[in-house]
Every structure is written in structure tokens, then in C-alpha cells.
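For reference, protein_21.txt (compact mmCIF, C-alpha atoms):
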```txt
# COMPACT_ATOMS: atom_id res chain seq x y z
CA MET B 203 29.10 29.78 105.44
CA THR B 204 27.56 27.15 107.66
CA THR B 205 23.89 27.16 108.54
CA ARG B 206 23.92 24.42 111.15
CA ALA B 207 25.79 24.02 114.40
CA ASP B 208 28.54 21.55 113.54
CA SER B 209 31.19 21.92 116.24
CA PRO B 210 30.49 21.10 119.90
CA ALA B 211 30.96 24.77 120.81
CA GLU B 212 28.29 25.80 118.31
CA ARG B 213 26.00 23.02 119.48
CA ARG B 214 26.12 24.50 123.00
CA SER B 215 24.70 27.84 121.87
CA TRP B 216 21.17 28.50 123.07
CA THR B 217 19.87 29.26 119.58
CA SER B 218 20.91 25.85 118.24
CA ARG B 219 19.47 24.09 121.30
CA VAL B 220 16.14 25.93 120.96
CA ARG B 221 16.03 25.20 117.22
CA GLU B 222 16.75 21.51 117.69
CA ARG B 223 14.13 21.16 120.41
CA ALA B 224 11.58 23.04 118.29
CA GLU B 225 12.28 20.81 115.28
CA VAL B 226 11.76 17.69 117.40
CA ALA B 227 8.62 18.99 119.14
CA LEU B 228 6.99 20.55 116.10
CA PRO B 229 8.24 19.31 112.73
CA PRO B 230 6.68 21.23 109.80
CA ASP B 231 4.14 18.51 108.97
CA LYS B 232 2.87 18.63 112.56
CA LEU B 233 2.90 22.44 112.75
CA LEU B 234 0.94 22.93 109.52
CA PRO B 235 -0.88 19.65 108.78
CA ASP B 236 -3.07 19.26 105.69
CA ARG B 237 -4.95 16.18 106.96
CA GLN B 238 -6.79 15.50 110.20
CA PRO B 239 -8.16 12.25 111.65
CA GLU B 240 -11.66 11.26 110.51
CA TYR B 241 -13.23 11.98 113.89
CA VAL B 242 -12.43 15.69 113.48
CA ALA B 243 -15.22 15.90 110.87
CA SER B 244 -17.79 16.94 113.49
CA TRP B 245 -19.32 20.34 114.32
CA ILE B 246 -18.12 20.09 117.93
CA TYR B 247 -14.53 20.33 116.65
CA VAL B 248 -15.29 23.59 114.82
CA PHE B 249 -15.73 25.76 117.92
CA GLY B 250 -12.04 26.03 118.81
CA VAL B 251 -11.16 27.62 115.49
CA ALA B 252 -14.39 29.68 115.63
CA THR B 253 -13.16 31.09 118.96
CA ILE B 254 -9.84 32.04 117.36
CA ALA B 255 -11.68 33.66 114.42
CA ALA B 256 -13.70 35.76 116.88
CA LEU B 257 -10.46 36.67 118.70
CA ILE B 258 -8.97 37.95 115.42
CA PHE B 259 -12.03 40.21 114.96
CA ILE B 260 -11.69 41.41 118.58
CA VAL B 261 -8.03 42.34 118.14
CA ALA B 262 -8.53 43.98 114.72
CA SER B 263 -11.51 46.10 115.85
CA GLY B 264 -9.71 46.89 119.12
CA VAL B 265 -6.70 48.20 117.21
CA VAL B 266 -8.97 50.54 115.22
CA LEU B 267 -10.71 51.73 118.43
CA THR B 268 -7.29 52.36 120.00
CA LEU B 269 -6.10 54.37 117.01
CA GLU B 270 -9.21 56.58 116.83
CA GLY B 271 -10.19 56.99 120.49
CA PRO B 272 -13.44 57.43 122.47
CA GLN B 273 -14.46 60.76 120.87
CA TRP B 274 -14.59 58.92 117.55
CA TYR B 275 -16.32 55.69 118.59
CA HIS B 276 -18.90 57.44 120.77
CA VAL B 277 -19.96 59.96 118.11
CA SER B 278 -19.34 58.92 114.50
CA ALA B 279 -21.39 56.31 112.62
CA VAL B 280 -18.29 54.35 111.58
CA GLY B 281 -17.05 54.56 115.17
CA HIS B 282 -20.35 53.12 116.44
CA PHE B 283 -20.04 50.31 113.91
CA VAL B 284 -16.46 49.39 114.88
CA ASN B 285 -17.40 49.65 118.56
CA SER B 286 -20.29 47.24 117.94
CA VAL B 287 -18.05 44.86 115.98
CA HIS B 288 -15.73 44.83 119.01
CA LEU B 289 -18.62 44.11 121.42
CA TRP B 290 -20.33 41.43 119.32
CA SER B 291 -17.11 39.64 118.46
CA VAL B 292 -16.48 39.41 122.22
CA GLU B 293 -19.99 37.98 122.70
CA LEU B 294 -19.37 35.39 119.97
CA PHE B 295 -15.89 34.69 121.36
CA PHE B 296 -17.36 33.67 124.71
CA VAL B 297 -20.28 31.72 123.20
CA PHE B 298 -17.88 29.73 120.98
CA MET B 299 -15.37 29.28 123.81
CA VAL B 300 -18.02 27.92 126.20
CA VAL B 301 -19.24 25.38 123.60
CA HIS B 302 -15.58 24.45 122.94
CA LEU B 303 -15.02 24.08 126.72
CA TRP B 304 -18.12 21.88 127.19
CA GLY B 305 -17.20 19.73 124.20
CA LYS B 306 -13.65 19.19 125.44
CA PHE B 307 -14.78 18.59 129.04
CA TRP B 308 -17.21 15.85 128.05
CA MET B 309 -14.61 14.12 125.87
CA ALA B 310 -12.01 14.39 128.69
CA ALA B 311 -9.63 16.31 126.45
CA TRP B 312 -6.76 16.07 128.96
CA ARG B 313 -6.22 12.42 127.93
CA GLY B 314 -3.07 11.33 126.07
CA ARG B 315 -0.51 13.77 127.56
CA ARG B 316 -2.77 16.73 126.83
CA VAL B 317 -2.96 18.06 130.42
CA MET B 318 -1.06 21.26 129.55
CA THR B 319 -3.35 21.83 126.54
CA TRP B 320 -6.32 21.68 128.92
CA ILE B 321 -4.64 23.93 131.51
CA THR B 322 -3.65 26.60 128.94
CA GLY B 323 -7.26 26.57 127.71
CA VAL B 324 -8.56 27.13 131.25
CA VAL B 325 -6.04 29.92 131.90
CA SER B 326 -6.87 31.64 128.61
CA PHE B 327 -10.57 31.46 129.55
CA LEU B 328 -9.86 33.14 132.91
CA ALA B 329 -7.61 35.79 131.32
CA SER B 330 -10.32 36.45 128.71
CA ILE B 331 -12.84 37.11 131.50
CA GLY B 332 -10.42 39.69 132.91
CA ALA B 333 -9.96 41.26 129.47
CA ALA B 334 -13.73 41.46 128.92
CA PHE B 335 -14.29 42.86 132.41
CA THR B 336 -11.72 45.65 131.95
CA GLY B 337 -13.27 46.32 128.54
CA TYR B 338 -16.62 47.04 130.19
CA LEU B 339 -14.79 49.38 132.61
CA VAL B 340 -13.19 51.50 129.88
CA GLN B 341 -16.27 52.19 127.75
CA THR B 342 -16.14 55.78 129.12
CA ASN B 343 -19.91 55.98 129.63
CA PHE B 344 -22.40 55.66 132.50
CA ASP B 345 -22.44 51.88 132.10
CA SER B 346 -18.72 51.66 132.87
CA GLN B 347 -19.19 53.98 135.89
CA TRP B 348 -21.94 51.73 137.24
CA ILE B 349 -19.97 48.50 136.70
CA SER B 350 -16.78 49.92 138.25
CA SER B 351 -18.54 51.25 141.36
CA GLU B 352 -20.28 47.91 141.89
CA ALA B 353 -17.09 45.91 141.24
CA LYS B 354 -15.09 48.18 143.57
CA ASP B 355 -17.03 46.91 146.59
CA GLY B 356 -16.51 43.28 145.58
CA LEU B 357 -12.77 43.65 144.96
CA ASN B 358 -12.27 45.67 148.17
CA SER B 359 -13.97 42.86 150.09
CA VAL B 360 -11.37 40.35 148.89
CA GLY B 361 -8.49 42.73 149.64
CA ILE B 362 -7.17 43.60 146.16
CA GLY B 363 -9.15 46.78 145.49
CA ALA B 364 -6.25 49.11 146.41
CA TRP B 365 -3.89 47.45 143.92
CA PHE B 366 -6.36 46.52 141.16
CA ASN B 367 -8.38 49.73 141.29
CA VAL B 368 -11.38 49.38 138.98
CA VAL B 369 -12.32 53.06 139.30
CA ASN B 370 -8.86 54.05 137.99
CA VAL B 371 -9.65 54.41 134.29
CA GLY B 372 -5.98 54.77 133.31
CA GLN B 373 -4.97 51.53 135.04
CA MET B 374 -7.95 49.61 133.63
CA LEU B 375 -7.34 50.98 130.12
CA LEU B 376 -3.71 49.83 130.16
CA TRP B 377 -4.68 46.40 131.48
CA HIS B 378 -7.30 46.15 128.73
CA VAL B 379 -5.30 47.35 125.73
CA VAL B 380 -1.79 46.10 126.62
CA LEU B 381 -1.40 43.62 129.45
CA LEU B 382 -4.39 41.30 129.08
CA PRO B 383 -4.30 41.11 125.24
CA LEU B 384 -0.63 40.08 125.52
CA VAL B 385 -1.48 37.44 128.12
CA VAL B 386 -4.48 36.08 126.18
CA GLY B 387 -2.58 36.16 122.87
CA ALA B 388 0.49 34.39 124.27
CA ILE B 389 -1.56 31.67 126.00
CA VAL B 390 -3.71 31.09 122.91
CA VAL B 391 -0.58 30.69 120.74
CA TRP B 392 0.83 28.24 123.32
CA HIS B 393 -2.52 26.39 123.41
CA VAL B 394 -2.62 26.04 119.60
CA LEU B 395 1.02 24.86 119.45
CA LEU B 396 0.21 22.21 122.07
CA VAL B 397 -2.79 21.07 120.02
CA ARG B 398 -0.47 20.80 116.99
CA ARG B 399 2.12 18.88 119.00
CA HIS B 400 -0.18 16.34 120.65
CA GLY B 401 -2.90 16.29 118.00
CA VAL B 402 -6.64 16.83 118.34
CA VAL B 403 -8.10 14.71 121.12
CA PRO B 404 -10.15 11.75 119.81
CA PRO B 405 -13.69 11.05 121.05
CA LEU B 406 -13.87 8.65 123.99
CA ASP B 407 -14.90 5.69 121.80
CA ALA B 408 -12.50 6.39 118.90
CA ARG B 409 -9.04 5.05 118.26
CA GLU B 410 -6.27 7.67 118.33
CA GLU B 411 -4.88 8.91 114.99
CA THR B 412 -7.43 7.27 112.71
CA SER B 413 -6.52 8.37 109.20
CA PRO B 414 -9.29 9.51 106.83
CA MET V 92 -29.34 59.68 115.62
CA GLY V 93 -30.34 58.78 112.08
CA ARG V 94 -33.45 56.82 111.07
CA ALA V 95 -31.49 53.60 110.56
CA ASP V 96 -29.84 54.01 113.96
CA ARG V 97 -33.23 54.51 115.62
CA LEU V 98 -34.62 51.42 113.95
CA MET V 99 -31.66 49.26 114.96
CA ALA V 100 -31.11 50.70 118.44
CA VAL V 101 -32.02 48.56 121.44
CA GLY V 102 -33.66 50.51 124.23
CA LEU V 103 -31.44 50.26 127.29
CA ASP V 104 -33.13 52.98 129.34
CA GLY V 105 -36.07 50.87 130.50
CA LYS V 106 -36.28 48.51 133.45
CA ALA V 107 -34.35 45.25 132.98
CA HIS V 108 -36.36 42.02 132.84
CA PHE V 109 -35.48 39.50 135.55
CA ILE V 110 -36.72 35.98 136.15
CA SER V 111 -36.90 34.84 139.76
CA TRP V 112 -37.27 31.30 141.10
CA GLY V 113 -36.94 31.07 144.87
CA PRO V 114 -33.52 32.39 145.82
CA PHE V 115 -32.36 32.34 142.18
CA GLN V 116 -32.59 35.41 139.99
CA ILE V 117 -31.26 35.92 136.48
CA SER V 118 -31.76 38.58 133.85
CA LEU V 119 -33.75 37.48 130.81
CA ALA V 120 -30.84 38.49 128.53
CA ASN V 121 -28.35 36.27 130.39
CA LEU V 122 -30.84 33.37 130.43
CA LEU V 123 -31.33 33.68 126.66
CA VAL V 124 -27.57 33.67 126.05
CA ILE V 125 -27.16 30.53 128.20
CA ALA V 126 -30.06 28.88 126.35
CA LEU V 127 -28.43 29.80 123.02
CA ILE V 128 -25.15 28.18 124.11
CA VAL V 129 -26.96 25.00 125.21
CA VAL V 130 -28.84 24.82 121.89
CA LEU V 131 -25.58 25.37 119.94
CA PHE V 132 -23.86 22.63 121.96
CA VAL V 133 -26.65 20.13 121.30
CA LEU V 134 -26.78 21.01 117.58
CA ALA V 135 -22.98 20.66 117.31
CA ILE V 136 -23.28 17.09 118.59
CA VAL V 137 -26.36 15.90 116.69
CA LEU V 138 -26.05 17.66 113.32
CA PRO V 139 -24.10 15.69 110.70
CA PHE V 140 -20.94 17.36 109.40
CA PRO V 141 -20.84 17.93 105.60
CA LYS V 142 -18.94 15.16 103.85
CA GLN V 143 -15.71 16.12 102.15
CA ARG V 144 -15.70 15.68 98.37
CA SER V 145 -13.43 12.85 97.35
CA ARG V 146 -10.07 14.05 96.09
CA PRO V 147 -8.94 13.03 92.61
```

The structure given in the file should be rewritten as C-alpha cells.
Amino acid sequence: MTTRADSPAERRSWTSRVRERAEVALPPDKLLPDRQPEYVASWIYVFGVATIAALIFIVASGVVLTLEGPQWYHVSAVGHFVNSVHLWSVELFFVFMVVHLWGKFWMAAWRGRRVMTWITGVVSFLASIGAAFTGYLVQTNFDSQWISSEAKDGLNSVGIGAWFNVVNVGQMLLWHVVLLPLVVGAIVVWHVLLVRRHGVVPPLDAREETSP
Amino acid sequence: MGRADRLMAVGLDGKAHFISWGPFQISLANLLVIALIVVLFVLAIVLPFPKQRSRP
């Protein structure tokens, strides 16, 4: 049994091409490094991983809310708790992400072929705003009614209210629990892989790849 | 609602607090969150990071 593409015909298969490109772009020591440059030992570099930690809490509590449903999280004590974990992890997610964004902006983090890392970060920020917004719309309480009726006017005024109908609870629920989590999750994975590939951006006055 | 819930609950039925300055208006809650983020950002830059223990 062979495990590698040896013949030219095998080398043309898409699986071998993808594998070879992945091995070149992200060798194991780059994908899971155990050392980082000295300049990473700063609190400002902590907020990216803090954002991901908050995202894990958001997804985990969201899965529990999805399994149990509104009758559970509106009434029971445990449901209130999980609902609050979901809300507060979102609050922390955005606080950490904004500090991460400011830190990266002021160190011009798009330097050194990191433009796509910057762009995926921006897109994940925008998609997260959409995910949070649809979350407020599917609380199934008076707050969500108020937000949706106010947002309806705004979205109608820019011409997308008929397609993205914020008073359609079913549509907003599916965007919130399926579509936007997939988008945010995929972009965040892409963002992290790009950080692994190109390395953490050094401060403006530091030399790249300074070993500890 | 139990006693613990009543103690921990935040009253959301009252009038919201807004701060106005000319044409600008912001809720106190949003202003506090923005202030918290600014403070966190400044602390993240100025506070020293704990030194790693030297490996054997």
C-alpha cells in the first residue's frame, strides 16, 4: 500500500495537490508552534485569543439554548443562567475584539504580507455584528419586538427590508443559529490559519521573528 | 422570582439614562462600555506582562 502520490497520474489528483500545498503553507511546527517571538509577551497580544475564548463560550451556550428552546431559557433558573452566559460572553467577545482591533490597527498589522489576515479580521468583525444583531431579534420578548420594528424602518430605507426581513422571526432565527455562526466560524478559522502561516505581527519598532 | 434573582436583577423598566452634548447623545450604558474598552486598551499597553520562568 502506498501512502503518497508517486506516479504522475496520482500526483495530478486534487487530494495530493491540496495536501502538498497545505504541507508547504502550514508545516506542523508552524501550525502548532510551542515558541513565539519575545515581543508577543505583552498584554495587547492576549486579546485575540481572549476573543476566541469568548467565541467558544458563545457557541457552547448557544448550542444549549438551541437544544432546550425559549420556553426553557425564559422560565427556568438554569435556562436564565445559560441565557445570561450567552449574552455576557457576547459582550466580552466584542470588548476583547475591539481592543484586539485597536491594537492591530495601531501596529499596522497588515505589514509583511498580512493583508488577508487583516481583511479576514475585518470581515469576521462585520459578520459578528450581524450575528449579534439577529441574536437580539430572536430573544422572543418585547425587547426583540422593539428592536425589530425600529430596524425594519432603517433596512427598508436602504432597500433590503423585503429580502432581509427583521420582523420575520423564522428567517432571523435561521440566520442567527445556522448561517451567521457558520460564516463567523469559517472566517475565524481562516484568520487563525493565516496568523499561523505569516506569524504574529511584530511591533513597529521590533525586528521580525526575534527569538526568545 | 427568587430572592437571589431579585437581588441580582437589573431594573430595565425605568427610564434609560442618556448624556447629551450638543447634537450628540449617547446612553450612559454605552458610554461606560466604551470607557471600559479604552481603559482596557491603555492597561494592555502600559502594564508589564508576567515574565516566563526560565526553562531547565

Select all residues from chain V having any atom no more than 9 Å from an atom of chain B (counting all atoms listed in the file, ignoring ligands), output as a PDB file with C-alpha atoms, in the frame of the given file.
```
ATOM      1  CA  ASP V  96     -29.840  54.010 113.960  1.00  0.00           C
ATOM      2  CA  VAL V 124     -27.570  33.670 126.050  1.00  0.00           C
ATOM      3  CA  ILE V 125     -27.160  30.530 128.200  1.00  0.00           C
ATOM      4  CA  LEU V 127     -28.430  29.800 123.020  1.00  0.00           C
ATOM      5  CA  ILE V 128     -25.150  28.180 124.110  1.00  0.00           C
ATOM      6  CA  VAL V 129     -26.960  25.000 125.210  1.00  0.00           C
ATOM      7  CA  LEU V 131     -25.580  25.370 119.940  1.00  0.00           C
ATOM      8  CA  PHE V 132     -23.860  22.630 121.960  1.00  0.00           C
ATOM      9  CA  LEU V 134     -26.780  21.010 117.580  1.00  0.00           C
ATOM     10  CA  ALA V 135     -22.980  20.660 117.310  1.00  0.00           C
ATOM     11  CA  ILE V 136     -23.280  17.090 118.590  1.00  0.00           C
ATOM     12  CA  VAL V 137     -26.360  15.900 116.690  1.00  0.00           C
ATOM     13  CA  LEU V 138     -26.050  17.660 113.320  1.00  0.00           C
ATOM     14  CA  PRO V 139     -24.100  15.690 110.700  1.00  0.00           C
ATOM     15  CA  PHE V 140     -20.940  17.360 109.400  1.00  0.00           C
ATOM     16  CA  PRO V 141     -20.840  17.930 105.600  1.00  0.00           C
ATOM     17  CA  LYS V 142     -18.940  15.160 103.850  1.00  0.00           C
ATOM     18  CA  GLN V 143     -15.710  16.120 102.150  1.00  0.00           C
TER      19      GLN V 143
END
```

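A search radius of 12 Å centred on (-22.7, 57.7, 127.9), applied to all atoms listed in the file, returns the residues Pro272, Gln273, Tyr275, His276, Val277, Val340, Gln341, Thr342, Asn343, Phe344, Asp345, Ser346, Gln347 and Trp348 of chain B; Leu103 and Asp104 of chain V.
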
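Straight-line separation from CA of Ser286 in chain B to CA of Asn370 in chain B: 24.1 Å.
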
Might you pull out every residue within 8 Å of range 319-332 of chain B, with all atoms listed in the file counted and same-chain residues fewer than 5 positions away left off, and present them as an mmCIF file with C-alpha atoms, keeping the file's coordinate frame?
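Contents of result-v7.cif, freshly written:
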```cif
data_model
loop_
_atom_site.group_PDB
_atom_site.id
_atom_site.type_symbol
_atom_site.label_atom_id
_atom_site.label_comp_id
_atom_site.auth_asym_id
_atom_site.auth_seq_id
_atom_site.Cartn_x
_atom_site.Cartn_y
_atom_site.Cartn_z
ATOM 1 C CA MET B 299 -15.370 29.280 123.810
ATOM 2 C CA ALA B 311 -9.630 16.310 126.450
ATOM 3 C CA TRP B 312 -6.760 16.070 128.960
ATOM 4 C CA LEU B 382 -4.390 41.300 129.080
ATOM 5 C CA VAL B 385 -1.480 37.440 128.120
ATOM 6 C CA VAL B 386 -4.480 36.080 126.180
ATOM 7 C CA ILE B 389 -1.560 31.670 126.000
ATOM 8 C CA VAL B 390 -3.710 31.090 122.910
ATOM 9 C CA TRP B 392 0.830 28.240 123.320
ATOM 10 C CA HIS B 393 -2.520 26.390 123.410
ATOM 11 C CA LEU B 396 0.210 22.210 122.070
ATOM 12 C CA VAL B 397 -2.790 21.070 120.020
#
```

Which residue, B:Ala262, B:Ala334, B:Ala224, B:Val391, has the smallest gap to Met374 in chain B when you use all atoms listed in the file?
B:Ala334

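Counting all atoms listed in the file, His400 in chain B has the following residues at most 12 Å away, ignoring those fewer than 3 positions along the same chain: Ala227, Leu228, Pro229, Lys232, Leu233, Ala311, Trp312, Arg313, Gly314, Arg315, Arg316, Val317, Met318, Thr319, Trp320, His393, Val394, Leu395, Leu396, Val397, Val403, Pro404, Glu410 and Glu411 of chain B.
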
Measure the distance from CA of Ser263 in chain B to CA of Asn121 in chain V in Å and round it to one decimal.
24.3 Å

Where's the centre, and what are the edge lengths in Å to one decimal, of a box along x, y and z enclosing all listed atoms of range 102-120 of chain V padded 4 Å per side, as JSON?
```
{"center_x": -34.1, "center_y": 42.0, "center_z": 135.0, "size_x": 14.4, "size_y": 29.9, "size_z": 29.6}
```

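CA of Lys106 in chain V sits 27.2 Å away from CA of Gly281 in chain B.
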
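When the distance limit is 9 Å and all atoms listed in the file are what count, the residues near Val368 in chain B, minus those fewer than 6 positions from it on the same chain, are Thr336, Leu339, Ile349, Ser350, Ser351, Ala353, Lys354, Leu357 and Met374 of chain B.
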